[in-house]
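This is upload_7.txt. It holds compact mmCIF, C-alpha atoms and all ligand atoms.
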```
# COMPACT_ATOMS: atom_id res chain seq x y z
CA MET L 1 55.74 55.75 15.61
CA GLY L 2 57.52 58.97 14.77
CA LEU L 3 56.17 58.98 11.25
CA PHE L 4 54.07 62.06 11.59
CA THR L 5 55.59 65.15 13.04
CA ALA L 6 53.27 67.69 14.65
CA LYS L 7 51.98 70.08 12.02
CA PRO L 8 51.02 73.67 12.76
CA LYS L 9 47.31 74.02 13.39
CA SER L 10 45.29 74.63 10.27
CA GLU L 11 43.13 77.73 9.92
CA GLU L 12 40.08 75.51 10.14
CA ILE L 13 41.08 73.84 13.40
CA GLU L 14 41.83 77.24 14.89
CA ALA L 15 38.37 78.36 13.80
CA HIS L 16 36.93 75.25 15.48
CA GLU L 17 38.70 76.09 18.73
CA ARG L 18 37.61 79.74 18.55
CA ARG L 19 34.02 78.63 18.03
CA LEU L 20 34.18 76.38 21.12
CA ALA L 21 35.57 79.22 23.21
CA LEU L 22 32.74 81.61 22.24
CA PRO L 23 30.17 82.25 24.93
CA LEU L 24 26.94 80.82 23.55
CA ALA L 25 23.84 82.98 23.36
CA LYS L 26 21.68 79.94 24.06
CA PRO L 27 22.63 76.43 25.17
CA ALA L 28 23.94 74.21 22.44
CA LYS L 29 21.48 71.53 21.39
CA ILE L 30 24.31 68.99 21.63
CA ARG L 31 27.61 69.57 23.37
CA LEU L 32 30.57 67.24 23.75
CA GLU L 33 33.39 68.15 26.08
CA ASN L 34 36.71 66.35 25.81
CA VAL L 35 35.13 63.02 24.94
CA SER L 36 37.47 60.05 24.68
CA VAL L 37 36.47 56.44 24.01
CA ARG L 38 38.58 53.30 24.12
CA PHE L 39 37.41 49.83 23.19
CA ASP L 40 38.97 46.67 24.56
CA THR L 41 40.63 44.85 21.67
CA ARG L 42 43.24 42.13 21.34
CA GLN L 43 45.70 44.88 20.45
CA GLY L 44 45.01 46.73 23.69
CA GLN L 45 42.81 49.77 24.07
CA PRO L 46 43.37 52.05 21.10
CA ALA L 47 41.48 55.34 21.29
CA ALA L 48 38.46 55.35 18.98
CA LEU L 49 37.91 59.00 19.95
CA GLU L 50 40.30 61.29 21.71
CA ASN L 51 39.46 64.57 23.32
CA VAL L 52 36.62 65.47 21.00
CA SER L 53 34.82 68.73 21.81
CA LEU L 54 31.93 69.91 19.74
CA ALA L 55 28.94 72.23 20.06
CA ILE L 56 25.94 71.91 17.76
CA GLN L 57 23.35 74.66 17.72
CA PRO L 58 19.57 74.12 17.70
CA GLY L 59 18.37 73.67 14.14
CA GLU L 60 21.86 73.20 12.77
CA PHE L 61 22.59 70.59 10.08
CA VAL L 62 26.04 69.19 10.76
CA CYS L 63 27.72 66.59 8.54
CA LEU L 64 30.55 64.37 9.75
CA VAL L 65 32.99 63.01 7.21
CA GLY L 66 36.24 61.13 7.68
CA PRO L 67 38.08 57.95 6.75
CA SER L 68 36.72 54.56 7.70
CA GLY L 69 37.31 53.79 11.36
CA CYS L 70 37.84 57.39 12.51
CA GLY L 71 34.99 57.19 15.02
CA LYS L 72 32.02 58.79 13.23
CA SER L 73 29.55 56.06 14.25
CA THR L 74 31.04 55.95 17.74
CA LEU L 75 30.41 59.69 18.08
CA LEU L 76 26.86 59.34 16.80
CA ASN L 77 26.15 56.40 19.13
CA ILE L 78 27.37 58.40 22.11
CA ILE L 79 25.01 61.25 21.23
CA ALA L 80 22.21 58.71 20.71
CA GLY L 81 22.93 57.40 24.21
CA LEU L 82 23.61 53.91 22.84
CA LEU L 83 27.24 54.03 23.97
CA PRO L 84 28.69 55.72 27.05
CA ALA L 85 31.46 58.29 26.64
CA GLY L 86 34.49 56.71 28.30
CA GLN L 87 35.74 60.10 29.40
CA GLY L 88 34.34 63.56 29.05
CA GLN L 89 30.79 64.87 29.02
CA VAL L 90 27.96 64.82 26.52
CA TYR L 91 24.95 67.09 26.90
CA LYS L 92 21.68 67.77 25.16
CA ASP L 93 20.28 71.18 26.07
CA ASP L 94 22.82 71.26 28.89
CA VAL L 95 21.43 68.02 30.39
CA PRO L 96 23.87 65.06 30.46
CA ILE L 97 22.97 62.29 28.01
CA THR L 98 22.83 59.01 29.92
CA LYS L 99 20.61 56.80 27.77
CA ALA L 100 18.79 56.58 24.45
CA GLY L 101 15.52 58.47 24.11
CA PRO L 102 12.85 59.36 21.52
CA ASP L 103 14.17 62.93 21.51
CA ARG L 104 17.13 61.60 19.48
CA ALA L 105 16.01 59.43 16.56
CA VAL L 106 18.63 57.37 14.74
CA ILE L 107 18.53 56.35 11.09
CA PHE L 108 21.05 53.73 10.02
CA GLN L 109 22.46 52.66 6.65
CA GLU L 110 19.90 49.88 6.31
CA ALA L 111 16.34 50.84 7.12
CA ALA L 112 15.53 48.61 10.09
CA LEU L 113 11.83 48.15 9.32
CA PHE L 114 9.66 45.37 10.68
CA PRO L 115 9.11 43.10 7.65
CA TRP L 116 5.73 41.88 8.92
CA LEU L 117 4.31 45.41 9.11
CA THR L 118 3.26 47.62 6.21
CA ALA L 119 4.87 51.00 5.62
CA VAL L 120 2.16 52.85 7.51
CA GLN L 121 2.19 50.29 10.34
CA ASN L 122 5.95 50.70 10.65
CA VAL L 123 5.48 54.42 11.10
CA GLU L 124 2.57 53.85 13.50
CA PHE L 125 4.88 51.73 15.62
CA ALA L 126 6.78 54.90 16.51
CA LEU L 127 3.49 56.51 17.51
CA LYS L 128 2.50 54.04 20.20
CA SER L 129 1.98 56.87 22.66
CA VAL L 130 -0.95 58.12 20.55
CA ARG L 131 -3.79 56.08 22.05
CA ASP L 132 -6.51 56.94 19.55
CA LYS L 133 -6.12 54.55 16.62
CA LYS L 134 -7.60 56.92 14.04
CA ALA L 135 -5.39 59.79 15.16
CA ARG L 136 -2.38 57.49 15.11
CA ARG L 137 -3.12 56.34 11.56
CA ALA L 138 -3.70 59.93 10.42
CA LYS L 139 -0.38 61.06 11.90
CA ALA L 140 1.48 58.13 10.33
CA LEU L 141 -0.03 58.90 6.93
CA GLU L 142 0.97 62.53 7.31
CA GLN L 143 4.57 61.46 7.87
CA LEU L 144 4.47 59.17 4.83
CA GLN L 145 3.16 62.07 2.78
CA MET L 146 6.17 64.09 3.94
CA VAL L 147 8.43 61.56 2.20
CA HIS L 148 6.10 61.16 -0.80
CA LEU L 149 5.05 57.61 -0.02
CA SER L 150 1.31 57.94 0.56
CA ARG L 151 0.58 55.57 -2.32
CA PHE L 152 2.69 52.85 -0.73
CA ALA L 153 1.26 53.07 2.78
CA ASP L 154 -0.05 49.49 2.61
CA SER L 155 3.03 47.96 1.01
CA TYR L 156 5.29 45.69 2.98
CA PRO L 157 9.03 46.47 3.14
CA HIS L 158 9.90 43.68 0.69
CA GLU L 159 7.59 45.33 -1.86
CA LEU L 160 9.51 48.62 -1.63
CA SER L 161 12.81 49.67 -3.20
CA GLY L 162 15.84 50.41 -0.99
CA GLY L 163 15.27 54.15 -1.37
CA MET L 164 11.60 53.81 -0.47
CA ARG L 165 12.44 51.74 2.60
CA GLN L 166 14.88 54.41 3.69
CA ARG L 167 12.14 57.02 3.23
CA VAL L 168 9.84 54.96 5.47
CA ALA L 169 12.65 54.92 8.05
CA ILE L 170 12.89 58.72 7.79
CA ALA L 171 9.10 59.02 8.16
CA ARG L 172 9.19 56.77 11.20
CA ALA L 173 11.99 58.81 12.76
CA LEU L 174 10.11 62.06 12.06
CA ALA L 175 6.95 60.59 13.59
CA LEU L 176 8.73 60.63 16.94
CA ASP L 177 9.07 64.38 16.46
CA PRO L 178 12.62 64.14 17.76
CA ASP L 179 14.65 67.16 18.74
CA VAL L 180 17.68 65.69 17.06
CA LEU L 181 17.93 63.45 14.03
CA LEU L 182 21.04 61.27 13.92
CA MET L 183 21.75 59.75 10.51
CA ASP L 184 24.57 57.25 9.99
CA GLU L 185 25.31 56.92 6.26
CA PRO L 186 21.60 56.67 5.50
CA PHE L 187 22.09 56.68 1.72
CA ALA L 188 25.27 54.61 1.45
CA ALA L 189 23.47 51.50 0.20
CA LEU L 190 21.53 53.36 -2.51
CA ASP L 191 22.29 53.97 -6.16
CA ALA L 192 23.46 57.44 -7.17
CA GLN L 193 20.14 58.63 -8.65
CA THR L 194 18.08 57.51 -5.67
CA ARG L 195 20.61 59.12 -3.38
CA ASP L 196 20.33 62.46 -5.18
CA VAL L 197 16.54 62.31 -4.87
CA LEU L 198 16.80 61.60 -1.16
CA ILE L 199 19.33 64.38 -0.63
CA GLY L 200 16.71 66.70 -2.13
CA GLU L 201 14.03 65.28 0.17
CA VAL L 202 16.13 65.56 3.30
CA GLN L 203 16.95 69.16 2.38
CA ARG L 204 13.28 69.97 1.91
CA ILE L 205 12.27 68.24 5.14
CA TRP L 206 14.98 70.07 7.05
CA LEU L 207 13.89 73.42 5.62
CA GLU L 208 10.32 72.62 6.74
CA THR L 209 11.10 71.22 10.18
CA ARG L 210 14.44 72.83 11.12
CA LYS L 211 15.39 69.84 13.23
CA THR L 212 18.92 69.59 14.52
CA VAL L 213 20.55 66.98 12.28
CA ILE L 214 23.85 65.16 12.62
CA PHE L 215 24.56 63.31 9.42
CA VAL L 216 27.45 60.91 8.85
CA THR L 217 28.56 60.26 5.29
CA HIS L 218 31.56 59.24 3.21
CA ASN L 219 30.27 61.29 0.36
CA VAL L 220 31.75 64.77 0.51
CA MET L 221 29.38 66.22 -2.11
CA GLU L 222 26.45 64.93 -0.07
CA ALA L 223 27.90 66.58 3.05
CA VAL L 224 28.39 69.93 1.32
CA THR L 225 24.93 69.83 -0.25
CA LEU L 226 23.23 69.18 3.08
CA GLY L 227 25.31 70.71 5.84
CA ASP L 228 25.47 74.12 7.46
CA ARG L 229 28.79 72.85 8.65
CA VAL L 230 30.98 69.93 7.61
CA ILE L 231 33.25 68.42 10.25
CA CYS L 232 36.13 66.41 8.95
CA MET L 233 37.51 63.79 11.31
CA GLY L 234 40.91 62.14 11.39
CA ALA L 235 41.70 58.60 12.48
CA ARG L 236 43.85 56.95 15.12
CA PRO L 237 42.93 58.51 17.37
CA GLY L 238 39.55 59.76 16.14
CA CYS L 239 39.52 63.52 16.41
CA ILE L 240 38.25 66.65 14.66
CA LYS L 241 40.64 67.82 11.98
CA GLN L 242 38.80 70.53 10.16
CA GLU L 243 35.46 72.20 10.09
CA LEU L 244 34.00 74.25 7.37
CA ASP L 245 30.90 76.45 7.35
CA ILE L 246 29.00 75.91 4.13
CA THR L 247 27.70 79.32 3.29
CA LEU L 248 25.89 78.37 0.09
CA GLU L 249 22.25 79.33 -0.31
CA ARG L 250 19.56 76.68 -0.11
CA PRO L 251 18.17 74.66 -1.72
CA ARG L 252 21.47 73.37 -3.07
CA ALA L 253 22.16 71.07 -5.98
CA VAL L 254 24.69 68.26 -5.69
CA GLU L 255 26.13 69.04 -9.10
CA HIS L 256 26.50 72.81 -8.61
CA PRO L 257 30.07 74.15 -9.17
CA ASP L 258 30.00 75.92 -5.78
CA THR L 259 29.25 72.61 -4.09
CA ALA L 260 32.28 71.14 -5.85
CA ARG L 261 34.44 74.07 -4.71
CA PHE L 262 33.65 73.45 -1.04
CA ALA L 263 33.97 69.70 -1.51
CA GLN L 264 37.48 70.11 -2.89
CA ARG L 265 38.67 71.84 0.27
CA ILE L 266 37.39 68.96 2.36
CA MET L 267 38.78 66.32 0.03
CA ALA L 268 42.28 67.79 0.32
CA ASN L 269 42.16 67.27 4.07
CA LEU L 270 40.70 63.79 3.78
CA GLN L 271 43.40 62.73 1.34
CA ASP L 272 45.99 63.53 4.03
CA GLU L 273 44.13 61.36 6.50
CA ILE L 274 43.79 58.52 4.05
CA ALA L 275 47.49 58.75 3.15
CA LYS L 276 48.28 58.53 6.86
CA ILE L 277 46.22 55.36 7.24
CA VAL L 278 47.81 53.75 4.18
CA LEU L 279 51.27 54.52 5.56
CA GLU L 280 50.39 53.13 8.97
CA GLU L 281 49.04 50.01 7.30
CA SER L 282 52.20 49.41 5.29
CA ASP L 283 54.33 50.06 8.41
CA PHE L 284 52.29 47.47 10.26
CA VAL L 285 52.63 44.88 7.49
CA GLU L 286 56.39 45.53 7.33
CA ALA L 287 56.74 45.11 11.09
CA GLU L 288 54.74 41.87 11.00
CA ARG L 289 56.92 40.57 8.18
CA ALA L 290 60.07 41.48 10.08
CA ARG L 291 58.74 39.42 12.97
CA GLY L 292 57.97 36.56 10.58
CA ARG L 293 54.31 36.64 11.46
CA ASP L 294 53.14 36.43 7.89
CA ASP L 295 54.33 32.80 7.97
CA ASP L 296 51.84 32.00 10.68
CA PRO L 297 49.15 29.87 8.97
CA ASP L 298 46.54 30.96 11.51
CA ARG L 299 47.04 34.58 10.71
CA VAL L 300 45.71 36.30 7.64
CA LEU L 301 46.94 39.70 6.57
CA TYR L 302 44.50 41.21 4.21
CA PRO L 303 45.83 43.39 1.43
CA HIS L 304 44.93 47.03 1.90
CA THR L 305 41.57 47.77 0.43
CA ASN L 306 39.79 51.04 0.14
CA THR L 307 36.82 50.58 2.43
CA MET L 308 35.87 54.18 2.38
CA GLY L 309 33.08 54.03 -0.10
CA ASP L 310 32.39 56.56 -2.77
CA GLY L 311 33.52 60.11 -2.39
CA ILE L 312 36.77 59.08 -0.69
N1 LIG B 401 32.46 47.48 19.69
C1 LIG B 401 33.72 47.75 19.34
N2 LIG B 401 34.75 47.03 19.84
C2 LIG B 401 36.03 47.30 19.52
N3 LIG B 401 36.40 48.30 18.69
C3 LIG B 401 35.41 49.05 18.16
C4 LIG B 401 34.02 48.81 18.44
N4 LIG B 401 33.28 49.73 17.76
C5 LIG B 401 34.17 50.47 17.07
N5 LIG B 401 35.43 50.08 17.32
C6 LIG B 401 36.66 50.68 16.79
O1 LIG B 401 36.56 52.08 16.96
C7 LIG B 401 37.05 52.77 15.84
C8 LIG B 401 35.98 53.69 15.30
O2 LIG B 401 34.91 52.91 14.79
P1 LIG B 401 33.62 53.57 14.11
O3 LIG B 401 32.67 52.49 13.78
O4 LIG B 401 33.12 54.66 14.99
O5 LIG B 401 34.27 54.20 12.81
P2 LIG B 401 33.55 54.93 11.58
O6 LIG B 401 34.24 56.23 11.40
O7 LIG B 401 32.08 54.96 11.78
O8 LIG B 401 33.94 53.97 10.38
P3 LIG B 401 33.10 53.65 9.02
O9 LIG B 401 33.23 54.88 8.18
O10 LIG B 401 33.85 52.51 8.45
O11 LIG B 401 31.70 53.34 9.40
C9 LIG B 401 37.50 51.71 14.84
O12 LIG B 401 38.90 51.56 14.97
C10 LIG B 401 36.80 50.45 15.28
O13 LIG B 401 37.59 49.32 15.04
MG MG B 402 30.45 54.09 10.77
```

Represent the supplied structure as structure tokens.
Ligand SMILES: Nc1ncnc2c1ncn2[C@@H]1O[C@H](COP(=O)(O)OP(=O)(O)OP(=O)(O)O)[C@@H](O)[C@H]1O
Ligand SMILES: [Mg+2]
Amino acid sequence: MGLFTAKPKSEEIEAHERRLALPLAKPAKIRLENVSVRFDTRQGQPAALENVSLAIQPGEFVCLVGPSGCGKSTLLNIIAGLLPAGQGQVYKDDVPITKAGPDRAVIFQEAALFPWLTAVQNVEFALKSVRDKKARRAKALEQLQMVHLSRFADSYPHELSGGMRQRVAIARALALDPDVLLMDEPFAALDAQTRDVLIGEVQRIWLETRKTVIFVTHNVMEAVTLGDRVICMGARPGCIKQELDITLERPRAVEHPDTARFAQRIMANLQDEIAKIVLEESDFVEAERARGRDDDPDRVLYPHTNTMGDGI
């Protein structure tokens, strides 16, 4: 479209490229090499992800942020094995990822619990491989204790708050003892206080278990509080724009001034991306108007809305 001229590479993107070029002491837990994905749409095959390369170390907590539609969930689904990479390679421990597996547990925005099972039964469901019923129950209760829900083991999902349901989902994912925990905006549907509590719990659980975590969020403060590294993605095509090592000591508080300092650096980059999307949107609307398509009664052009949730 000629609107955006090529900018010199930022320091952060150069750091990202340097990191990828480094010989690794041990295999990355997750590695993506030049991954591109295109979906068939009525507008053709726009790239949801283009040439994304990324290496995540064992035990690393990586947060992905970026404007709506930049491909965060697509990236997570590829790592989960729920979606094939159109082009490029995806590995876990140097083995190509070809399908979903219990070694990569996914937690979504809405806790997908079985409504007819109690909290402990929902967790037990993930433990089907444990044949002994007593051992299975004991393990499920242990996981519920990890998320401070022992007292609600026999409650059904509808008797729990949104935050509690999400904690059951975390307990269920942990019960699988996955190598990698993939979290797609797990706290987006929660109120601010509940979210802060859960950020604290996820931090504590990570410090105890040192799982490799990939965590998608729109909330930059959340990303900085949790991540060893925050990766900022850009849209159209989805790509990595910036990455920042968060060198703050743990445990971290969401409201700490240092957290805000890191968050500001990420926000500056995100604002550019959002501005780009807004410009593209207005260009598109203009072009449609010029073609007289806004007169078409079958076609609805929605006014631009900020769908990016809090934090952006
Ligand atoms: N099944 C699909 N069919 C067609 N296009 C898709 C499909 N899934 C995703 N896309 C497109 O791919 C792009 C990336 O989508 P994705 O859901 O990964 O974005 P996201 O960064 O997770 O957005 P959000 O923050 O809103 O959740 C978007 O342009 C979206 O329209
Ligand atoms: Mg998404």

List every residue of chain L that has an atom at most 9 Å from any atom of ligand MG 402 (chain B), giving for each one its closest atom pair and the distance in Å to one decimal, counting all atoms listed in the file, sorted by chain and then by ascending residue number, as a tab-separated table.
```
residue	atom	partner	partner_atom	distance
L:Ser68	CA	B:MG402	MG	7.0
L:Gly69	CA	B:MG402	MG	6.9
L:Cys70	CA	B:MG402	MG	8.3
L:Gly71	CA	B:MG402	MG	6.9
L:Lys72	CA	B:MG402	MG	5.5
L:Ser73	CA	B:MG402	MG	4.1
L:Thr74	CA	B:MG402	MG	7.2
L:Leu76	CA	B:MG402	MG	8.8
L:Asp184	CA	B:MG402	MG	6.7
L:Glu185	CA	B:MG402	MG	7.4
L:Val216	CA	B:MG402	MG	7.7
L:Thr217	CA	B:MG402	MG	8.5
```

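Put simply, atom CA of L:Val278 is 20.0 Å away from atom CA of L:Gln242.
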
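Counting only C-alpha atoms, the residue from L:Gly200, L:Gly292, L:Pro58, L:Pro84 that sits nearest to L:Val180 is L:Pro58.
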
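Shown here are all protein and nucleic acid residues lying within 9 Å of (35.1, 74.2, 5.3), with all atoms listed in the file considered: Glu12, Val224, Arg229, Val230, Ile231, Cys232, Gln242, Glu243, Leu244, Asp245, Ile246, Phe262, Ala263, Arg265 and Ile266 of chain L.
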
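Here the question is which of L:Gly66, L:Glu60, L:Ala28, L:Lys276 gets nearest to L:Leu226 using all atoms listed in the file, and that residue is L:Glu60.
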
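Taking only C-alpha atoms and all ligand atoms into account, ligand LIG 401 (chain B) lies nearest to L:Asp40 out of the set L:Glu249, L:Asp191, L:Asp40, L:Glu222.
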
Next on the checklist: Would you pick out the contacts of stretch 206-213 of chain L at 9 Å or less, using all atoms listed in the file, so that residues sharing its chain but fewer than 6 positions from it are not included, and give the list as number ranges by chain?
Outcome noted: L: 29-30, 56-63, 177-183, 227, 250-251

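What separates atom CA of L:Ala111 from atom CA of L:Ala189 is a distance of 10.0 Å.
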
Checklist entry - Which of these, L:Ala235, L:Leu144, L:Leu149, L:Leu190, has the shortest distance to ligand LIG 401 (chain B) once you count all atoms listed in the file? => result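 For ligand LIG 401 (chain B), the nearest of the given residues is L:Ala235.
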
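Comparing the minimum interatomic distances between ligand LIG 401 (chain B) and each of L:Leu49, L:Ala287, L:Ala126, L:Val197, counting only C-alpha atoms and all ligand atoms, we find that L:Leu49 sits nearest.
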
Checklist entry - So which one's closest to ligand LIG 401 (chain B), L:Ile277, L:Val120, L:Ala140, L:Leu198? Using all atoms listed in the file, please. => result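 Distance minimum relative to ligand LIG 401 (chain B) lands on L:Ile277.
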
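Coordinates place atom CA of L:Thr259 at a distance of 18.4 Å from atom CA of L:Phe187.
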